[in-house]
>>> print(open('protein.cif').read())   # mmCIF, C-alpha atoms and all ligand atoms
data_coords
loop_
_atom_site.label_atom_id
_atom_site.label_comp_id
_atom_site.auth_asym_id
_atom_site.auth_seq_id
_atom_site.Cartn_x
_atom_site.Cartn_y
_atom_site.Cartn_z
CA MET A 629 14.03 6.98 -26.72
CA LEU A 630 17.12 6.16 -24.79
CA GLY A 631 19.93 4.43 -26.56
CA THR A 632 19.01 5.74 -30.01
CA LYS A 633 21.70 6.60 -32.52
CA GLU A 634 21.28 10.35 -32.11
CA GLN A 635 21.53 10.28 -28.36
CA GLY A 636 24.28 7.69 -28.54
CA ALA A 637 26.28 9.96 -30.76
CA LYS A 638 26.02 12.76 -28.22
CA SER A 639 27.07 10.58 -25.30
CA LYS A 640 30.65 10.84 -24.18
CA TYR A 641 30.46 7.13 -23.41
CA GLY A 642 30.20 6.09 -27.07
CA PRO A 643 27.53 4.92 -29.49
CA GLY A 644 24.53 3.05 -28.11
CA ASN A 645 25.11 4.56 -24.72
CA HIS A 646 23.30 7.30 -22.94
CA ASN A 647 24.17 8.83 -19.64
CA VAL A 648 22.05 9.55 -16.60
CA THR A 649 22.75 11.10 -13.24
CA MET A 650 22.28 8.77 -10.30
CA ARG A 651 21.39 10.62 -7.09
CA ILE A 652 22.03 8.19 -4.29
CA TYR A 653 21.05 8.70 -0.67
CA ARG A 654 23.93 8.45 1.76
CA SER A 655 23.05 8.14 5.43
CA SER A 656 24.91 10.07 8.07
CA LYS A 657 26.11 8.63 11.34
CA GLU A 658 23.86 10.91 13.35
CA GLY A 659 20.46 9.85 12.19
CA ASN A 660 17.73 10.49 9.69
CA LYS A 661 19.21 13.34 7.76
CA GLY A 662 21.49 12.08 5.07
CA ASN A 663 22.47 13.66 1.80
CA PHE A 664 22.53 12.71 -1.86
CA ASP A 665 25.66 11.94 -3.86
CA SER A 666 25.43 12.36 -7.64
CA PHE A 667 27.19 10.27 -10.25
CA ASP A 668 27.06 10.51 -14.03
CA ILE A 669 27.04 7.06 -15.56
CA PRO A 670 26.41 5.46 -18.96
CA ILE A 671 23.38 3.26 -19.46
CA GLN A 672 22.11 0.97 -22.17
CA ARG A 673 18.51 0.26 -23.12
CA TRP A 674 18.49 -2.78 -20.87
CA THR A 675 20.21 -1.22 -17.84
CA THR A 676 18.21 -1.69 -14.66
CA VAL A 677 18.51 0.62 -11.68
CA LEU A 678 20.36 -2.17 -9.87
CA ASP A 679 22.83 -2.45 -12.77
CA ALA A 680 23.30 1.30 -12.59
CA LEU A 681 23.93 1.19 -8.84
CA LEU A 682 26.40 -1.64 -9.24
CA TYR A 683 28.18 0.36 -11.94
CA VAL A 684 28.49 3.27 -9.50
CA LYS A 685 29.75 0.89 -6.85
CA ALA A 686 32.29 -0.69 -9.19
CA TYR A 687 33.66 2.43 -10.86
CA LYS A 688 32.76 5.50 -8.79
CA ASP A 689 32.26 4.85 -5.10
CA SER A 690 32.55 1.39 -3.61
CA SER A 691 31.32 2.48 -0.18
CA ILE A 692 27.64 2.75 -1.19
CA GLY A 693 25.47 0.42 0.88
CA ILE A 694 22.91 -1.59 -1.14
CA ARG A 695 21.29 -4.97 -0.65
CA TYR A 696 20.48 -7.35 -3.50
CA SER A 697 20.75 -10.98 -4.34
CA CYS A 698 18.78 -12.60 -7.19
CA ARG A 699 18.69 -9.68 -9.67
CA MET A 700 15.43 -11.10 -11.03
CA ALA A 701 12.60 -9.91 -8.74
CA SER A 702 12.56 -13.11 -6.74
CA CYS A 703 14.37 -12.52 -3.46
CA GLY A 704 12.79 -9.19 -2.52
CA SER A 705 15.98 -7.62 -1.17
CA CYS A 706 16.55 -4.66 -3.50
CA GLY A 707 13.45 -2.59 -2.62
CA MET A 708 14.09 1.15 -2.49
CA LYS A 709 12.45 4.45 -3.38
CA ILE A 710 13.31 5.16 -7.00
CA ASN A 711 12.27 8.60 -8.21
CA GLY A 712 10.04 8.87 -5.16
CA LYS A 713 8.20 5.56 -5.45
CA PRO A 714 8.92 2.19 -3.87
CA ARG A 715 10.23 -0.20 -6.54
CA LEU A 716 12.57 -3.14 -6.93
CA ALA A 717 15.88 -1.86 -8.33
CA CYS A 718 16.42 -5.06 -10.33
CA TYR A 719 12.93 -4.92 -11.83
CA THR A 720 13.03 -1.26 -12.85
CA ASN A 721 14.54 -0.40 -16.17
CA VAL A 722 16.25 3.00 -16.14
CA SER A 723 14.67 3.89 -19.50
CA GLU A 724 11.14 3.26 -18.22
CA LEU A 725 11.60 6.09 -15.71
CA GLU A 726 11.96 8.54 -18.60
CA SER A 727 14.23 10.81 -16.65
CA SER A 728 17.84 11.82 -16.98
CA GLU A 729 18.12 11.96 -13.21
CA ILE A 730 17.41 8.86 -11.12
CA SER A 731 17.09 9.27 -7.38
CA CYS A 732 17.52 6.27 -5.10
CA GLU A 733 16.49 6.49 -1.47
CA PRO A 734 15.86 3.92 1.24
CA MET A 735 12.22 2.81 1.49
CA SER A 736 10.02 4.92 3.76
CA ASN A 737 8.56 3.35 6.91
CA PHE A 738 11.62 1.16 7.38
CA PRO A 739 14.47 2.25 9.63
CA VAL A 740 17.62 2.92 7.66
CA LEU A 741 20.61 0.76 8.47
CA ARG A 742 22.96 2.40 5.99
CA ASP A 743 22.47 4.26 2.72
CA LEU A 744 19.85 2.23 0.80
CA VAL A 745 19.74 -0.69 3.20
CA THR A 746 16.74 -0.87 5.52
CA ASP A 747 15.90 -2.88 8.63
CA PHE A 748 13.14 -5.45 8.07
CA SER A 749 12.82 -6.70 11.65
CA GLN A 750 9.53 -4.95 12.45
CA PHE A 751 8.07 -5.80 9.04
CA LEU A 752 8.90 -9.46 9.50
CA SER A 753 7.67 -9.52 13.08
CA HIS A 754 4.25 -8.37 11.81
CA HIS A 755 4.40 -11.21 9.28
CA ARG A 756 5.25 -13.73 12.00
CA LYS A 757 2.29 -12.61 14.14
CA MET A 758 -0.08 -13.81 11.41
CA LYS A 759 1.03 -17.43 11.97
CA PRO A 760 2.08 -17.81 8.35
CA TYR A 761 1.98 -21.59 8.19
CA LEU A 762 -0.69 -24.26 7.89
CA ILE A 763 -2.53 -25.00 11.11
CA ASN A 764 -4.54 -28.20 11.09
CA PRO A 765 -5.02 -29.75 14.52
CA GLU A 766 -6.76 -32.78 12.98
CA VAL A 767 -3.66 -33.88 11.17
CA ASP A 768 -0.31 -34.81 12.59
CA LEU A 769 1.89 -34.89 9.53
CA CYS A 770 5.11 -35.26 11.48
CA ASP A 771 4.19 -38.54 13.16
CA ASN A 772 2.45 -40.07 10.19
CA PRO A 773 4.40 -43.15 9.12
CA GLU A 774 2.74 -43.10 5.71
CA LEU A 775 3.37 -40.46 3.12
CA SER A 776 0.34 -38.26 3.09
CA GLU A 777 -0.90 -35.31 1.11
CA PHE A 778 -3.92 -33.04 1.08
CA LEU A 779 -6.33 -33.24 -1.78
CA GLN A 780 -6.83 -29.75 -3.13
CA ASN A 781 -8.35 -28.97 -6.48
CA PRO A 782 -7.11 -26.12 -8.72
CA THR A 783 -10.17 -23.97 -7.94
CA ASP A 784 -9.36 -24.10 -4.25
CA ALA A 785 -5.67 -23.49 -4.93
CA ASP A 786 -6.51 -20.38 -6.98
CA LYS A 787 -8.22 -18.86 -3.96
CA PHE A 788 -4.89 -18.22 -2.25
CA LEU A 789 -2.22 -18.79 -4.90
CA GLN A 790 -1.62 -15.17 -5.83
CA PHE A 791 -1.04 -14.21 -2.20
CA SER A 792 1.57 -16.93 -1.84
CA TYR A 793 3.66 -15.24 -4.56
CA CYS A 794 4.68 -12.57 -2.04
CA ILE A 795 8.47 -12.16 -1.93
CA LYS A 796 8.43 -9.99 1.22
CA CYS A 797 10.09 -7.08 -0.52
CA GLY A 798 8.30 -4.52 1.63
CA LEU A 799 7.29 -2.18 -1.22
CA CYS A 800 3.65 -2.30 -0.11
CA TYR A 801 4.65 -1.54 3.49
CA SER A 802 6.58 1.48 2.28
CA ALA A 803 3.71 2.80 0.12
CA CYS A 804 0.96 2.39 2.73
CA PRO A 805 -0.26 5.69 4.25
CA THR A 806 -1.55 3.88 7.34
CA VAL A 807 1.79 2.22 8.05
CA ALA A 808 3.24 5.73 7.74
CA THR A 809 1.36 6.90 10.82
CA ASP A 810 0.58 3.78 12.87
CA THR A 811 3.48 1.66 14.09
CA LYS A 812 1.17 -1.07 15.39
CA PHE A 813 -0.65 -1.58 12.09
CA PRO A 814 0.60 -4.89 10.64
CA GLY A 815 0.66 -3.51 7.11
CA PRO A 816 -0.55 -4.88 3.78
CA GLN A 817 1.93 -7.73 3.45
CA ALA A 818 1.16 -9.34 6.80
CA LEU A 819 -2.61 -8.91 6.47
CA ALA A 820 -2.61 -10.35 2.95
CA GLN A 821 -0.77 -13.38 4.34
CA ALA A 822 -3.41 -13.76 7.05
CA TYR A 823 -5.95 -13.98 4.26
CA ARG A 824 -3.75 -16.34 2.26
CA TYR A 825 -3.76 -18.92 5.07
CA SER A 826 -7.38 -18.42 6.04
CA ALA A 827 -8.40 -19.07 2.41
CA ASP A 828 -6.32 -22.24 2.15
CA THR A 829 -8.48 -25.35 2.46
CA ARG A 830 -5.59 -27.27 4.03
CA ASP A 831 -5.60 -24.88 6.96
CA ALA A 832 -8.13 -25.31 9.76
CA GLY A 833 -6.85 -22.70 12.19
CA SER A 834 -8.78 -19.49 12.64
CA ARG A 835 -6.73 -16.33 12.55
CA TYR A 836 -9.70 -13.97 12.85
CA GLY A 837 -9.32 -13.64 16.61
CA LEU A 838 -5.67 -12.62 16.47
CA THR A 839 -5.10 -9.28 18.18
CA ALA A 840 -2.86 -8.26 15.31
CA ILE A 841 -5.84 -8.62 12.94
CA ASP A 842 -9.11 -7.81 14.68
CA SER A 843 -8.22 -4.88 16.92
CA ARG A 844 -8.02 -1.10 16.92
CA HIS A 845 -4.69 -1.16 15.13
CA GLY A 846 -5.51 -4.20 13.03
CA LEU A 847 -7.05 -4.52 9.60
CA TRP A 848 -9.80 -1.96 10.31
CA ARG A 849 -7.12 0.71 9.95
CA CYS A 850 -6.92 -0.11 6.26
CA HIS A 851 -9.08 2.34 4.30
CA PHE A 852 -8.36 0.93 0.87
CA SER A 853 -6.01 3.51 -0.54
CA GLY A 854 -4.82 0.74 -2.87
CA SER A 855 -1.22 1.98 -2.89
CA CYS A 856 0.08 -1.40 -1.77
CA SER A 857 -1.43 -3.15 -4.77
CA LYS A 858 -0.23 -0.39 -7.07
CA VAL A 859 3.43 -0.96 -6.17
CA CYS A 860 3.47 -4.74 -5.65
CA PRO A 861 5.85 -6.21 -8.24
CA LYS A 862 4.43 -9.75 -8.06
CA GLY A 863 0.71 -9.22 -8.61
CA VAL A 864 -0.08 -10.23 -5.03
CA ASP A 865 -2.68 -7.45 -4.74
CA PRO A 866 -2.54 -7.20 -0.94
CA ALA A 867 -5.45 -4.71 -0.90
CA LEU A 868 -7.68 -7.42 -2.36
CA GLY A 869 -6.67 -9.87 0.38
CA ILE A 870 -7.33 -7.32 3.11
CA GLN A 871 -10.79 -6.38 1.80
CA LEU A 872 -11.74 -10.06 1.45
CA LEU A 873 -10.48 -10.69 4.98
CA LYS A 874 -12.66 -7.84 6.26
CA GLY A 875 -15.65 -9.35 4.43
CA ASN A 876 -14.93 -12.72 6.02
CA ILE A 877 -14.63 -11.30 9.51
CA MET A 878 -17.87 -9.39 9.11
CA SER A 879 -19.38 -12.58 7.69
CA PHE A 880 -20.33 -10.90 4.43
CA ALA A 881 -18.58 -13.72 2.66
CA LYS A 882 -18.99 -17.41 3.28
CA ARG A 883 -16.87 -17.90 6.36
CA ARG A 884 -16.98 -21.64 6.67
CA LYS A 885 -14.76 -23.49 4.28
CA LYS A 886 -14.53 -27.16 3.51
CA ILE A 887 -11.26 -28.45 4.90
CA ALA A 888 -9.24 -30.48 2.42
CA GLU A 889 -9.12 -34.22 2.90
CA LEU A 890 -5.90 -35.97 3.61
CA LYS A 891 -4.91 -38.64 1.19
CA GLN A 892 -2.96 -41.55 2.64
CA HIS A 893 -0.41 -43.52 0.65
CA THR A 894 1.21 -46.70 1.75
CA GLY A 895 4.90 -47.14 1.05
CA LYS A 896 4.09 -49.86 -1.48
CA SER A 897 1.65 -47.91 -3.58
CA ALA A 898 4.18 -45.13 -3.86
CA ASP A 899 6.53 -47.50 -5.63
CA MET B 1065 20.88 -7.61 15.08
CA SER B 1066 21.02 -5.98 18.46
CA GLY B 1067 20.21 -2.66 20.08
CA PRO B 1068 16.98 -0.97 21.05
CA ARG B 1069 15.36 -1.50 17.63
CA ARG B 1070 14.62 -5.13 18.38
CA LYS B 1071 12.54 -4.28 21.45
CA GLY B 1072 8.93 -3.43 20.65
CA LEU B 1073 7.77 -0.48 18.65
CA TYR B 1074 9.71 2.17 16.88
CA ARG B 1075 9.40 5.62 18.29
CA ALA B 1076 8.83 8.55 15.98
CA ASP B 1077 11.90 10.28 17.34
CA GLU B 1078 14.09 7.21 16.95
CA SER B 1079 17.13 7.78 14.87
CA ARG B 1080 16.75 6.72 11.20
CA ASN B 1081 13.18 5.59 11.82
CA ASN B 1082 12.18 6.90 8.41
CA ARG B 1083 8.39 6.68 8.98
CA GLU B 1084 6.65 8.96 6.54
CA GLY B 1085 4.21 10.18 9.21
CA LEU B 1086 1.45 12.64 8.31
CA LYS B 1087 3.35 13.55 5.16
CA GLY B 1088 2.55 10.03 4.02
CA TRP B 1089 -1.18 10.53 3.75
CA LEU B 1090 -1.22 14.27 3.10
CA ASP B 1091 0.33 13.70 -0.33
CA PRO B 1092 -2.22 11.98 -2.59
CA THR B 1093 -0.07 11.90 -5.72
CA GLY B 1094 1.68 9.04 -7.47
CA TYR B 1095 -0.48 6.08 -6.45
CA GLY B 1096 -3.60 6.38 -8.56
CA TRP B 1097 -7.25 7.27 -7.97
CA GLU B 1098 -7.74 5.12 -4.87
CA ARG B 1099 -5.09 7.12 -3.03
CA VAL B 1100 -6.76 10.38 -4.11
CA SER B 1101 -10.11 9.04 -2.90
CA TYR B 1102 -8.55 8.01 0.42
CA TRP B 1103 -7.12 11.51 0.86
CA LEU B 1104 -10.36 13.27 -0.09
CA GLN B 1105 -12.46 10.98 2.12
CA ARG B 1106 -10.30 11.96 5.10
CA LEU B 1107 -10.20 15.67 4.32
CA THR B 1108 -13.95 15.86 3.69
CA GLY B 1109 -14.55 13.79 6.83
CA LEU B 1110 -12.49 16.20 8.94
CA PHE B 1111 -14.18 19.20 7.36
CA LEU B 1112 -17.65 17.74 7.98
CA LEU B 1113 -16.72 16.99 11.59
CA VAL B 1114 -15.77 20.62 12.13
CA TYR B 1115 -18.95 21.68 10.32
CA PHE B 1116 -21.04 19.33 12.46
CA VAL B 1117 -19.65 20.78 15.70
CA GLY B 1118 -20.25 24.31 14.34
CA HIS B 1119 -23.73 23.34 13.27
CA VAL B 1120 -24.64 22.02 16.73
CA TYR B 1121 -23.22 25.20 18.23
CA GLU B 1122 -25.21 27.35 15.80
CA THR B 1123 -28.44 25.49 16.48
CA SER B 1124 -27.86 25.69 20.22
CA SER B 1125 -27.73 29.49 19.92
CA LEU B 1126 -31.52 29.31 19.76
CA THR B 1127 -31.46 28.85 23.54
CA GLY B 1128 -29.91 32.33 23.77
CA GLY B 1129 -33.03 33.86 22.22
CA ILE B 1130 -34.10 34.69 18.68
CA GLY B 1131 -31.57 37.53 18.47
CA SER B 1132 -28.46 35.35 18.62
CA TRP B 1133 -30.09 32.83 16.28
CA ASN B 1134 -30.71 35.55 13.71
CA ALA B 1135 -27.14 36.80 14.04
CA MET B 1136 -25.90 33.29 13.20
CA LEU B 1137 -28.30 33.04 10.29
CA LYS B 1138 -27.01 36.36 8.95
CA PHE B 1139 -23.56 34.87 8.42
CA THR B 1140 -24.93 32.20 6.10
CA GLU B 1141 -26.51 34.95 4.00
CA THR B 1142 -23.20 36.65 3.24
CA THR B 1143 -21.05 35.73 0.21
CA TRP B 1144 -18.56 33.90 2.44
CA GLY B 1145 -21.45 32.13 4.15
CA HIS B 1146 -22.76 31.02 0.77
CA LEU B 1147 -19.35 29.76 -0.33
CA PHE B 1148 -19.03 27.89 2.94
CA LEU B 1149 -22.43 26.24 2.44
CA ILE B 1150 -21.48 25.27 -1.13
CA LEU B 1151 -18.38 23.61 0.29
CA VAL B 1152 -20.56 21.75 2.80
CA ILE B 1153 -22.79 20.53 -0.06
CA GLY B 1154 -19.80 19.35 -2.12
CA THR B 1155 -17.96 17.63 0.72
CA SER B 1156 -21.03 15.88 2.10
CA THR B 1157 -21.99 14.63 -1.38
CA TYR B 1158 -18.52 13.30 -2.08
CA HIS B 1159 -18.15 11.79 1.40
CA SER B 1160 -21.49 9.96 1.23
CA ILE B 1161 -21.19 8.62 -2.33
CA ASN B 1162 -17.59 7.53 -1.90
CA GLY B 1163 -18.58 6.15 1.51
CA ILE B 1164 -21.11 3.88 -0.19
CA ARG B 1165 -18.38 2.70 -2.58
CA LEU B 1166 -16.16 1.97 0.41
CA ILE B 1167 -18.90 0.04 2.21
CA PHE B 1168 -18.95 -2.32 -0.77
CA THR B 1169 -15.24 -2.54 -1.44
CA GLU B 1170 -14.25 -2.86 2.21
CA THR B 1171 -16.54 -5.83 2.63
CA GLY B 1172 -14.94 -7.54 -0.35
CA ILE B 1173 -17.66 -6.67 -2.86
CA GLY B 1174 -16.59 -5.35 -6.28
CA VAL B 1175 -12.87 -5.88 -5.72
CA GLY B 1176 -12.73 -9.09 -7.74
CA LYS B 1177 -11.83 -12.67 -7.00
CA PRO B 1178 -8.29 -13.97 -6.51
CA GLY B 1179 -6.82 -15.73 -9.53
CA ARG B 1180 -3.51 -16.42 -11.21
CA PRO B 1181 -1.48 -13.25 -11.65
CA GLU B 1182 -0.37 -12.63 -15.21
CA TYR B 1183 2.36 -10.25 -16.29
CA PRO B 1184 2.25 -7.16 -16.10
CA TYR B 1185 0.43 -7.95 -12.85
CA ASP B 1186 -2.24 -5.27 -12.85
CA ALA B 1187 -3.99 -5.45 -9.50
CA LEU B 1188 -7.53 -6.78 -9.72
CA SER B 1189 -8.78 -4.78 -6.74
CA LEU B 1190 -7.91 -1.53 -8.52
CA ASN B 1191 -10.47 -2.32 -11.24
CA TYR B 1192 -12.57 0.22 -13.13
CA ARG B 1193 -15.83 -1.00 -11.60
CA GLN B 1194 -14.96 0.23 -8.12
CA LYS B 1195 -12.81 3.10 -9.45
CA SER B 1196 -15.82 4.48 -11.29
CA GLY B 1197 -17.43 4.98 -7.87
CA ILE B 1198 -14.77 7.63 -7.15
CA TRP B 1199 -15.47 9.43 -10.42
CA ILE B 1200 -19.23 9.30 -9.85
CA ALA B 1201 -18.72 10.75 -6.34
CA LEU B 1202 -16.57 13.56 -7.74
CA ILE B 1203 -18.97 14.36 -10.59
CA LEU B 1204 -22.02 14.35 -8.31
CA ALA B 1205 -20.20 16.59 -5.81
CA VAL B 1206 -19.47 19.12 -8.57
CA VAL B 1207 -23.07 18.92 -9.84
CA ALA B 1208 -24.42 19.40 -6.30
CA MET B 1209 -22.12 22.37 -5.76
CA ALA B 1210 -23.21 23.93 -9.06
CA TYR B 1211 -26.84 23.48 -8.07
CA GLY B 1212 -26.13 24.97 -4.64
CA TYR B 1213 -24.35 27.90 -6.29
CA ASN B 1214 -27.35 28.48 -8.52
CA VAL B 1215 -29.81 28.43 -5.62
CA LEU B 1216 -27.73 30.51 -3.24
CA PHE B 1217 -26.36 33.15 -5.60
CA SER B 1218 -29.07 33.54 -8.15
CA GLY B 1219 -32.00 32.52 -6.03
CA GLY B 1220 -32.84 29.93 -8.69
S1 LIG C 1 2.66 -8.08 -1.08
FE1 LIG C 1 3.84 -7.52 -2.94
S2 LIG C 1 4.81 -5.55 -2.39
FE2 LIG C 1 4.13 -6.48 -0.49
S3 LIG C 1 5.91 -7.60 0.30
FE3 LIG C 1 4.69 -9.06 -0.91
S4 LIG C 1 5.55 -8.98 -2.98
FE4 LIG C 1 6.31 -7.17 -1.90
S1 LIG C 2 17.76 -8.53 -6.31
FE1 LIG C 2 16.27 -10.03 -5.75
S2 LIG C 2 14.42 -8.90 -5.96
FE2 LIG C 2 15.88 -7.52 -6.74
#
>>> encode(input="protein.cif", output="structure tokens")
Amino acid sequence: MLGTKEQGAKSKYGPGNHNVTMRIYRSSKEGNKGNFDSFDIPIQRWTTVLDALLYVKAYKDSSIGIRYSCRMASCGSCGMKINGKPRLACYTNVSELESSEISCEPMSNFPVLRDLVTDFSQFLSHHRKMKPYLINPEVDLCDNPELSEFLQNPTDADKFLQFSYCIKCGLCYSACPTVATDTKFPGPQALAQAYRYSADTRDAGSRYGLTAIDSRHGLWRCHFSGSCSKVCPKGVDPALGIQLLKGNIMSFAKRRKKIAELKQHTGKSAD
Amino acid sequence: MSGPRRKGLYRADESRNNREGLKGWLDPTGYGWERVSYWLQRLTGLFLLVYFVGHVYETSSLTGGIGSWNAMLKFTETTWGHLFLILVIGTSTYHSINGIRLIFTETGIGVGKPGRPEYPYDALSLNYRQKSGIWIALILAVVAMAYGYNVLFSGG
């Protein structure tokens, strides 16, 4: 166990501490081939990989490029390959890796901007192509003078809720072997969102005909390797969404859904 | 952001593209049984495709007379020919059984129903029901190969 008395006593950083070597990818100006810089740093039982990187940045080399914000697995900005697998740096405890050497690399399948920072523009453009918003031509919410809401029961909400927990961290996109070889494949995140909206009873728009979904490079390229669901830190289970979407398109599942009713309130009743 | 990256698709040779490429699917480790099954399904599929082309070629040698047909048949009677046939038995068994599992899972059957994710967020689609299909395919492939070995090498 890390942080035990015995190990702490051995550490040059004092009791309760343990030290690990951080191997951090540094990009070169020329292109893909960067190199790794190593730093020995102290860690505690509760040190996350993000904490460790910030320690390196504060005390060893301030020029390291990393992206983070919430530090609590909510914003999805600190995704990187940690010891070879895509993970959130703020959600990965150093001790859970059970290694005295921690390697941090930029996520695969994303172009590298600098060091551990990757470019999300293609990933997000795939997401945008899925029309990730409610489409309901019957209802004009903008011009409705009365406050209105859809009636949706918990059972119907549960059909899409888990997919709406996606924080767009890109871990699934980085783990997917199809994304690795096919640039036009929308990837697990975008396809799971297509399912999320098609399963929502407030949405009446059909996404099945979208070229990004039902085409040669669309969801049929997914062969259920399950790696996306394995790495997803939020329990979204994109592989589940994609397989259910396939079932819907092939009409193996009930394709028609009951569209939620719109409840109208008058200004007075709201008081 | 500006520059060529914004326009359309990334090219494999683009600087810092970082796509994993073939390496991405050729390494089945680190992502669980489904990834292994994905890898094996592809490899066995490619092997069977090559076998199928060879098989058609072999059968077509009949048109060249009984002599060339017999020469082809002779190869399958050698030790290497036997080992090759055992491999065909194993790969076709795995590919078909796992294929049946995939027909179900890829139409949304056996992967579970969406619900409320609970910590530690184990993915429902990677459940043991569908995973057991992979193990059954592997076990049956080994059994079929053992049977083939028995028939081919000991005439049993
Ligand atoms: S589906 Fe999961 S892994 Fe993929 S972007 Fe969303 S939260 Fe991240
Ligand atoms: S810093 Fe927000 S998800 Fe890690």
>>> interface_residues(input="protein.cif", of="chain A", to="chain B", cutoff="7 Å", atoms="only C-alpha atoms", output="PyMOL selection string")
chain A and resi 659-660+736-740+786-790+805+808-809+811+851+853-855+857-858+862-863+865+867-868+871-872+874-875+880
>>> closest_residue(input="protein.cif", among="A:Arg849, A:Arg715, A:Arg835, A:His755", to="ligand LIG 2 (chain C)", atoms="only C-alpha atoms and all ligand atoms")
A:Arg715
>>> residues_near_ligand(input="protein.cif", ligand="ligand LIG 2 (chain C)", cutoff="8 Å", atoms="all atoms listed in the file", output="ChimeraX atom specification")
/A:678,695-707,716-719,795,797
>>> residues_near_ligand(input="protein.cif", ligand="ligand LIG 1 (chain C)", cutoff="6 Å", atoms="all atoms listed in the file", output="PyMOL selection string")
chain A and resi 794-800+817+860-862+864+866
>>> residues_near_point(input="protein.cif", point="(2.5, -17.5, 11.3)", cutoff="12 Å", atoms="all atoms listed in the file", output="list in words")
Leu752, Ser753, His754, His755, Arg756, Lys757, Met758, Lys759, Pro760, Tyr761, Leu762, Ile763, Ala818, Leu819, Gln821, Ala822, Tyr823, Arg824, Tyr825, Ser826, Asp831, Gly833, Ser834, Arg835, Leu838 and Ala840 of chain A
>>> atom_distance(input="protein.cif", atom1="atom CA of Leu682 of chain A", atom2="atom CA of Phe751 of chain A")
26.2 Å
>>> closest_residue(input="protein.cif", among="B:Ala1201, B:Leu1147, B:Ile1161, B:Val1152", to="Tyr1213 of chain B", atoms="all atoms listed in the file")
B:Leu1147
>>> atom_distance(input="protein.cif", atom1="atom CA of Gly693 of chain A", atom2="atom CA of His646 of chain A")
24.9 Å
>>> closest_residue(input="protein.cif", among="B:Thr1157, B:Ser1132, B:Thr1108, B:Ser1218", to="Val1206 of chain B", atoms="only C-alpha atoms")
B:Thr1157
>>> closest_residue(input="protein.cif", among="B:Glu1122, B:Asn1162, B:Thr1127, B:Ser1196", to="Phe1139 of chain B", atoms="all atoms listed in the file")
B:Glu1122
>>> axis_aligned_box(input="protein.cif", around="segment 1153-1159 of chain B", padding_each_side="3 Å", output="AutoDock Vina command-line options")
--center_x -20.4 --center_y 16.2 --center_z 0.0 --size_x 10.8 --size_y 14.7 --size_z 10.2
>>> residues_around(input="protein.cif", residues="Tyr1115 of chain B", least_positions_apart="5", cutoff="12 Å", atoms="all atoms listed in the file", output="ChimeraX atom specification")
/B:1108-1110,1120-1123,1148-1149,1151-1153,1155-1156
